[in-house]
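> What follows is the file upload16.txt, containing compact mmCIF, C-alpha atoms:
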# COMPACT_ATOMS: atom_id res chain seq x y z
CA VAL A 247 182.16 -83.31 -66.10
CA TRP A 248 180.05 -85.25 -63.59
CA VAL A 249 183.19 -86.24 -61.68
CA GLY A 250 184.24 -82.58 -61.66
CA ILE A 251 180.84 -81.59 -60.30
CA GLY A 252 181.16 -84.31 -57.66
CA LEU A 253 184.58 -83.07 -56.56
CA ALA A 254 183.41 -79.46 -56.37
CA THR A 255 180.23 -80.39 -54.50
CA PHE A 256 181.82 -82.71 -51.95
CA GLN A 257 184.43 -80.08 -51.13
CA GLN A 258 181.60 -78.01 -49.65
CA LEU A 259 179.29 -80.77 -48.36
CA VAL A 260 181.86 -81.65 -45.67
CA GLY A 261 180.98 -78.30 -44.05
CA ILE A 262 184.36 -76.57 -44.10
CA ASN A 263 182.96 -73.09 -44.62
CA VAL A 264 180.66 -73.49 -41.64
CA VAL A 265 183.82 -73.59 -39.52
CA PHE A 266 185.13 -70.37 -41.05
CA TYR A 267 181.89 -68.42 -41.53
CA TYR A 268 180.31 -69.41 -38.19
CA GLY A 269 183.38 -70.44 -36.18
CA ALA A 270 182.93 -67.93 -33.37
CA VAL A 271 179.17 -68.58 -33.19
CA LEU A 272 179.78 -72.33 -33.17
CA TRP A 273 182.21 -72.30 -30.24
CA GLN A 274 180.08 -69.87 -28.27
CA ALA A 275 177.18 -72.26 -28.83
CA VAL A 276 179.04 -74.96 -26.92
CA GLY A 277 179.95 -72.80 -23.96
CA PHE A 278 183.21 -71.04 -24.87
CA SER A 279 183.47 -67.33 -24.11
CA GLU A 280 183.38 -64.83 -26.98
CA ASN A 281 187.13 -64.10 -26.64
CA ASP A 282 187.99 -67.80 -26.56
CA ALA A 283 185.74 -68.48 -29.56
CA LEU A 284 187.46 -65.75 -31.60
CA LEU A 285 190.88 -67.08 -30.56
CA ILE A 286 189.92 -70.58 -31.69
CA ASN A 287 188.84 -69.14 -35.05
CA VAL A 288 192.22 -67.44 -35.47
CA LEU A 289 193.97 -70.69 -34.54
CA SER A 290 191.94 -72.56 -37.17
CA GLY A 291 193.01 -70.02 -39.78
CA ALA A 292 196.68 -70.42 -38.88
CA LEU A 293 196.40 -74.21 -38.98
CA SER A 294 194.76 -73.93 -42.41
CA ILE A 295 197.73 -72.03 -43.82
CA GLY A 296 200.19 -74.58 -42.42
CA ALA A 297 198.16 -77.50 -43.77
CA VAL A 298 198.02 -75.99 -47.27
CA VAL A 299 201.83 -75.74 -47.23
CA VAL A 300 201.98 -79.44 -46.35
CA ALA A 301 199.62 -80.20 -49.25
CA LEU A 302 201.84 -78.25 -51.66
CA LEU A 303 204.84 -80.32 -50.54
CA LEU A 304 203.02 -83.66 -50.86
CA ILE A 305 200.72 -83.34 -53.86
CA ASP A 306 203.34 -84.14 -56.51
CA LYS A 307 204.92 -86.87 -54.38
CA VAL A 308 201.91 -88.92 -53.29
CA GLY A 309 199.48 -87.89 -56.03
CA ARG A 310 196.13 -86.15 -56.02
CA LYS A 311 193.82 -89.14 -55.54
CA PRO A 312 195.58 -90.60 -52.43
CA LEU A 313 195.70 -87.14 -50.88
CA LEU A 314 191.98 -86.60 -51.45
CA TRP A 315 191.07 -90.07 -50.15
CA PHE A 316 193.22 -89.67 -47.04
CA GLY A 317 191.63 -86.27 -46.40
CA SER A 318 188.12 -87.72 -46.76
CA VAL A 319 188.80 -90.49 -44.26
CA GLY A 320 190.44 -88.08 -41.82
CA MET A 321 187.54 -85.65 -42.06
CA ALA A 322 184.94 -88.39 -41.62
CA VAL A 323 186.63 -89.60 -38.43
CA THR A 324 187.26 -86.18 -36.90
CA LEU A 325 183.79 -84.86 -37.79
CA GLY A 326 182.29 -88.01 -36.28
CA VAL A 327 184.22 -87.42 -33.06
CA VAL A 328 183.06 -83.79 -32.97
CA ALA A 329 179.45 -84.91 -33.44
CA ILE A 330 179.78 -87.44 -30.61
CA ALA A 331 181.34 -84.80 -28.33
CA PHE A 332 178.53 -82.34 -29.07
CA SER A 333 175.91 -85.03 -28.45
CA THR A 334 177.08 -85.34 -24.82
CA GLY A 335 176.32 -81.69 -24.03
CA GLU A 336 173.39 -80.38 -22.06
CA LEU A 337 171.43 -77.16 -22.51
CA ASP A 338 171.87 -74.52 -19.78
CA ALA A 339 169.32 -71.96 -18.60
CA ASN A 340 170.12 -69.75 -21.62
CA ASN A 341 169.51 -72.65 -24.01
CA LYS A 342 173.23 -72.92 -24.81
CA LEU A 343 174.94 -76.27 -25.15
CA GLN A 344 177.38 -76.96 -22.34
CA LEU A 345 180.09 -79.60 -22.70
CA SER A 346 182.14 -81.11 -19.91
CA ASP A 347 185.76 -79.92 -19.77
CA SER A 348 187.02 -83.19 -21.24
CA MET A 349 184.47 -83.25 -24.08
CA GLY A 350 185.14 -79.58 -24.81
CA ILE A 351 188.82 -80.41 -25.32
CA VAL A 352 187.92 -83.44 -27.48
CA ALA A 353 185.62 -81.31 -29.65
CA LEU A 354 188.23 -78.55 -29.97
CA LEU A 355 191.08 -80.90 -30.90
CA SER A 356 188.95 -82.90 -33.33
CA ALA A 357 187.57 -79.78 -35.03
CA ASN A 358 191.07 -78.41 -35.58
CA LEU A 359 192.30 -81.78 -36.84
CA TYR A 360 189.38 -81.71 -39.27
CA VAL A 361 190.53 -78.29 -40.52
CA ILE A 362 194.05 -79.68 -40.98
CA PHE A 363 192.80 -82.74 -42.90
CA PHE A 364 190.70 -80.55 -45.20
CA ASN A 365 193.39 -78.01 -45.98
CA ALA A 366 196.06 -80.66 -46.45
CA SER A 367 193.89 -82.41 -49.05
CA TRP A 368 190.54 -81.22 -50.42
CA GLY A 369 191.27 -77.52 -50.01
CA PRO A 370 194.01 -77.26 -52.66
CA ALA A 371 193.91 -80.72 -54.30
CA MET A 372 190.36 -80.37 -55.60
CA TRP A 373 191.33 -77.28 -57.58
CA VAL A 374 194.45 -79.01 -58.91
CA MET A 375 192.33 -81.96 -60.07
CA LEU A 376 189.81 -79.68 -61.78
CA GLY A 377 192.61 -77.89 -63.59
CA GLU A 378 194.10 -81.15 -64.88
CA MET A 379 191.27 -83.62 -65.46
CA PHE A 380 189.29 -82.16 -68.36
CA PRO A 381 190.09 -82.83 -72.02
CA ASN A 382 191.29 -79.74 -73.88
CA GLN A 383 188.10 -79.30 -75.88
CA ILE A 384 185.91 -78.91 -72.78
CA ARG A 385 188.39 -77.62 -70.18
CA GLY A 386 186.93 -74.11 -69.98
CA SER A 387 183.32 -75.27 -69.85
CA GLY A 388 184.10 -78.10 -67.41
CA LEU A 389 185.87 -75.75 -65.00
CA ALA A 390 183.01 -73.24 -65.23
CA ILE A 391 180.36 -75.87 -64.44
CA ALA A 392 182.41 -77.30 -61.56
CA GLY A 393 183.02 -73.81 -60.17
CA LEU A 394 179.31 -73.01 -60.33
CA SER A 395 178.53 -76.28 -58.51
CA GLN A 396 181.07 -75.45 -55.81
CA TRP A 397 179.64 -72.00 -55.14
CA LEU A 398 176.02 -73.18 -55.20
CA THR A 399 176.85 -75.90 -52.66
CA ASN A 400 178.78 -73.37 -50.59
CA PHE A 401 175.64 -71.19 -50.51
CA LEU A 402 173.37 -74.10 -49.54
CA ILE A 403 175.65 -75.30 -46.74
CA THR A 404 176.16 -71.78 -45.39
CA TRP A 405 172.43 -70.97 -45.58
CA SER A 406 171.32 -74.23 -43.99
CA PHE A 407 173.68 -74.28 -40.99
CA PRO A 408 171.83 -71.71 -38.83
CA ILE A 409 168.59 -73.55 -39.57
CA MET A 410 170.11 -76.89 -38.52
CA LEU A 411 171.68 -75.28 -35.46
CA GLY A 412 168.26 -74.13 -34.29
CA SER A 413 166.38 -77.31 -35.22
CA ILE A 414 168.39 -80.55 -35.14
CA GLY A 415 171.36 -79.16 -33.20
CA LEU A 416 175.13 -79.14 -33.61
CA ALA A 417 175.67 -82.86 -33.09
CA ALA A 418 173.27 -83.84 -35.88
CA ALA A 419 174.63 -81.14 -38.21
CA TYR A 420 178.19 -82.38 -37.77
CA GLY A 421 176.96 -85.93 -38.18
CA ILE A 422 175.61 -84.96 -41.60
CA TYR A 423 178.95 -83.42 -42.59
CA ALA A 424 180.73 -86.57 -41.36
CA PHE A 425 178.42 -88.69 -43.52
CA PHE A 426 179.25 -86.64 -46.63
CA ALA A 427 182.98 -86.91 -45.83
CA ALA A 428 182.64 -90.70 -45.67
CA VAL A 429 180.71 -90.76 -48.96
CA SER A 430 183.39 -88.58 -50.55
CA ALA A 431 186.01 -91.23 -49.70
CA VAL A 432 183.96 -93.81 -51.64
CA PHE A 433 183.51 -91.32 -54.48
CA ILE A 434 187.28 -90.76 -54.72
CA ALA A 435 188.02 -94.49 -54.62
CA LYS A 436 185.44 -95.43 -57.25
CA MET A 437 185.06 -92.45 -59.58
CA VAL A 438 188.24 -90.35 -59.64
CA SER A 439 191.28 -91.10 -61.79
CA GLU A 440 194.79 -89.95 -60.89
CA THR A 441 196.17 -87.03 -62.92
CA LYS A 442 199.68 -86.96 -61.44
CA GLY A 443 202.38 -87.11 -64.12
CA LYS A 444 199.96 -86.91 -67.03
CA GLU A 445 200.03 -84.27 -69.77
CA LEU A 446 196.94 -82.11 -70.23
CA GLU A 447 196.80 -83.38 -73.82
CA ASP A 448 196.52 -86.97 -72.54
CA MET A 449 193.18 -86.37 -70.82
CA GLN A 450 190.27 -88.16 -72.45
CA GLY A 451 186.52 -87.83 -71.89
What would you get if you wrote out this structure as C-alpha cells?

Amino acid sequence: VWVGIGLATFQQLVGINVVFYYGAVLWQAVGFSENDALLINVLSGALSIGAVVVALLLIDKVGRKPLLWFGSVGMAVTLGVVAIAFSTGELDANNKLQLSDSMGIVALLSANLYVIFFNASWGPAMWVMLGEMFPNQIRGSGLAIAGLSQWLTNFLITWSFPIMLGSIGLAAAYGIYAFFAAVSAVFIAKMVSETKGKELEDMQG
C-alpha cells in the first residue's frame, strides 16, 4: 500500500498537471505571446496522445518498472534543463521573465520532451501498476487509497504553483519538480517490483 501511495504521489510531484493547467500562463510568463502560448499548449496535448500510444506499445514488451524508471530519468533531465533555461531570463519592465531566443527554444523543446517522457511512462504505467500490484484481498482498498493520494497531491501541486511562480520563480519551481523526478527514479529502482507477466492471484503483500 505504501508503494502504491508512493507511485500515485510521485506521478503528481513531477509537476505534469502544472504544464496542462497553467501551460498558457507559463509560456506567457517567459515572454511568448498569448497566441503562441496557446499553440504550445495544443502541441503539448498532441504530443501527450502520441506518447501514450508509444507506452501502450511498449509496456508489455519492456515491462512496467523499466518504463517508469526510464521516464523518471528523462523527466529529471528535461525538467533540469528547463529550470536552467528559465534561470537565465531577466525581468522586463512589466515584471515578465524574458528569455533569449536560444534559451526560449531550449526551454520549449525540453518542456515538450518532458511531456513525452511523462506520457510514455508514468502517465499510463502508474495506473497499470496500481491495477496489478495489490493482493486480491486488499485490491479495492489499495486502489482507493492510492487514488486519494494521487488527487490530494494533484491539488497541492496545482494550488502551490501560482504561489511559487510569484515568490521563488519559474526556475526554482521547475527545479523542485526535477528533484522529485530524480527521487522517483530511486524510488522505482529500490521499492517497486515488476508485475509484467504475473497473475493477479500471484501478488503477495
> Restricting the calculation to only C-alpha atoms: of A:Ser346, A:Ser318, A:Ser387, A:Gln396, which residue gets closest to Ala366 (chain A)?
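Checking each candidate against Ala366 (chain A), we get A:Ser318 as the closest.
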> With all atoms listed in the file as the basis for distance, which of A:Met372, A:Ala418, A:Ile305, A:Met379 is at the shortest distance from Phe256 (chain A)?
A:Met372
> Using all atoms listed in the file, which residue out of A:Ser290, A:Gln344, A:Ser279, A:Asn400 lies closest to Leu416 (chain A)?
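Answer, going by the shortest atom-to-atom distance: A:Gln344.
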> For a test of reading the model, state the distance in Å between CA of Ile351 (chain A) and CA of Ala331 (chain A), rounded to one decimal.
9.2 Å
> From (174.8, -76.7, -47.6), in the file's coordinates, out to 10 Å: which residues are reached, counting all atoms listed in the file? Answer as an mmCIF file with C-alpha atoms, in the frame of the given file.

data_model
loop_
_atom_site.group_PDB
_atom_site.id
_atom_site.type_symbol
_atom_site.label_atom_id
_atom_site.label_comp_id
_atom_site.auth_asym_id
_atom_site.auth_seq_id
_atom_site.Cartn_x
_atom_site.Cartn_y
_atom_site.Cartn_z
ATOM 1 C CA THR A 255 180.230 -80.390 -54.500
ATOM 2 C CA GLN A 258 181.600 -78.010 -49.650
ATOM 3 C CA LEU A 259 179.290 -80.770 -48.360
ATOM 4 C CA VAL A 260 181.860 -81.650 -45.670
ATOM 5 C CA GLY A 261 180.980 -78.300 -44.050
ATOM 6 C CA ASN A 263 182.960 -73.090 -44.620
ATOM 7 C CA VAL A 264 180.660 -73.490 -41.640
ATOM 8 C CA LEU A 398 176.020 -73.180 -55.200
ATOM 9 C CA THR A 399 176.850 -75.900 -52.660
ATOM 10 C CA ASN A 400 178.780 -73.370 -50.590
ATOM 11 C CA PHE A 401 175.640 -71.190 -50.510
ATOM 12 C CA LEU A 402 173.370 -74.100 -49.540
ATOM 13 C CA ILE A 403 175.650 -75.300 -46.740
ATOM 14 C CA THR A 404 176.160 -71.780 -45.390
ATOM 15 C CA TRP A 405 172.430 -70.970 -45.580
ATOM 16 C CA SER A 406 171.320 -74.230 -43.990
ATOM 17 C CA PHE A 407 173.680 -74.280 -40.990
ATOM 18 C CA TYR A 423 178.950 -83.420 -42.590
#
> What is the distance between CA of Ala297 (chain A) and CA of Ile362 (chain A), in Å to one decimal?
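Result for CA of Ala297 (chain A) versus CA of Ile362 (chain A): 5.4 Å, one decimal.
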> I need every residue sitting at most 9 Å from the point (189.6, -78.5, -44.5) (coordinates as in the file, only C-alpha atoms considered), written as an NGL selection string.
:A and (257 or 260-263 or 294 or 297 or 317 or 321 or 359-369)
> If we count all atoms listed in the file and set the cut-off at 12 Å, which residues sit around Lys444 (chain A), ignoring sequence neighbours fewer than 6 positions away in its own chain? Please answer as a list in words.
Asp306, Gly309, Arg310, Met375, Glu378, Met379, Phe380, Pro381 and Gln450 of chain A
> Provide the CA of Trp315 (chain A) to CA of Leu303 (chain A) distance in Å, to one decimal place.
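Interatomic distance here is 16.9 Å.
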> So which one's closest to Gly335 (chain A), A:Leu284, A:Ala417, A:Val265, A:Val429? Using all atoms listed in the file, please.
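Residue with the minimum atom-to-atom distance to Gly335 (chain A): A:Ala417.
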> Nearest residue to Ser356 (chain A) out of A:Ser395, A:Asn281, A:Thr324, A:Gln383, using all atoms listed in the file?
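Among the listed residues, the smallest separation from Ser356 (chain A) belongs to A:Thr324.
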> Quick one: of A:Val374, A:Ala292, A:Ile286, A:Leu325, who's nearest to Thr441 (chain A), counting only C-alpha atoms?
A:Val374
> Can you list, as a PDB file with C-alpha atoms, in the coordinates of the input, every protein, DNA or RNA residue that comes within 7 Å of Gly250 (chain A) when you count only C-alpha atoms, leaving out same-chain residues fewer than 3 positions away?

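In the end it all went to out-v9.pdb:
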ATOM      1  CA  VAL A 247     182.160 -83.310 -66.100  1.00  0.00           C
ATOM      2  CA  LEU A 253     184.580 -83.070 -56.560  1.00  0.00           C
ATOM      3  CA  ALA A 254     183.410 -79.460 -56.370  1.00  0.00           C
ATOM      4  CA  LEU A 376     189.810 -79.680 -61.780  1.00  0.00           C
ATOM      5  CA  ALA A 392     182.410 -77.300 -61.560  1.00  0.00           C
TER       6      ALA A 392
END
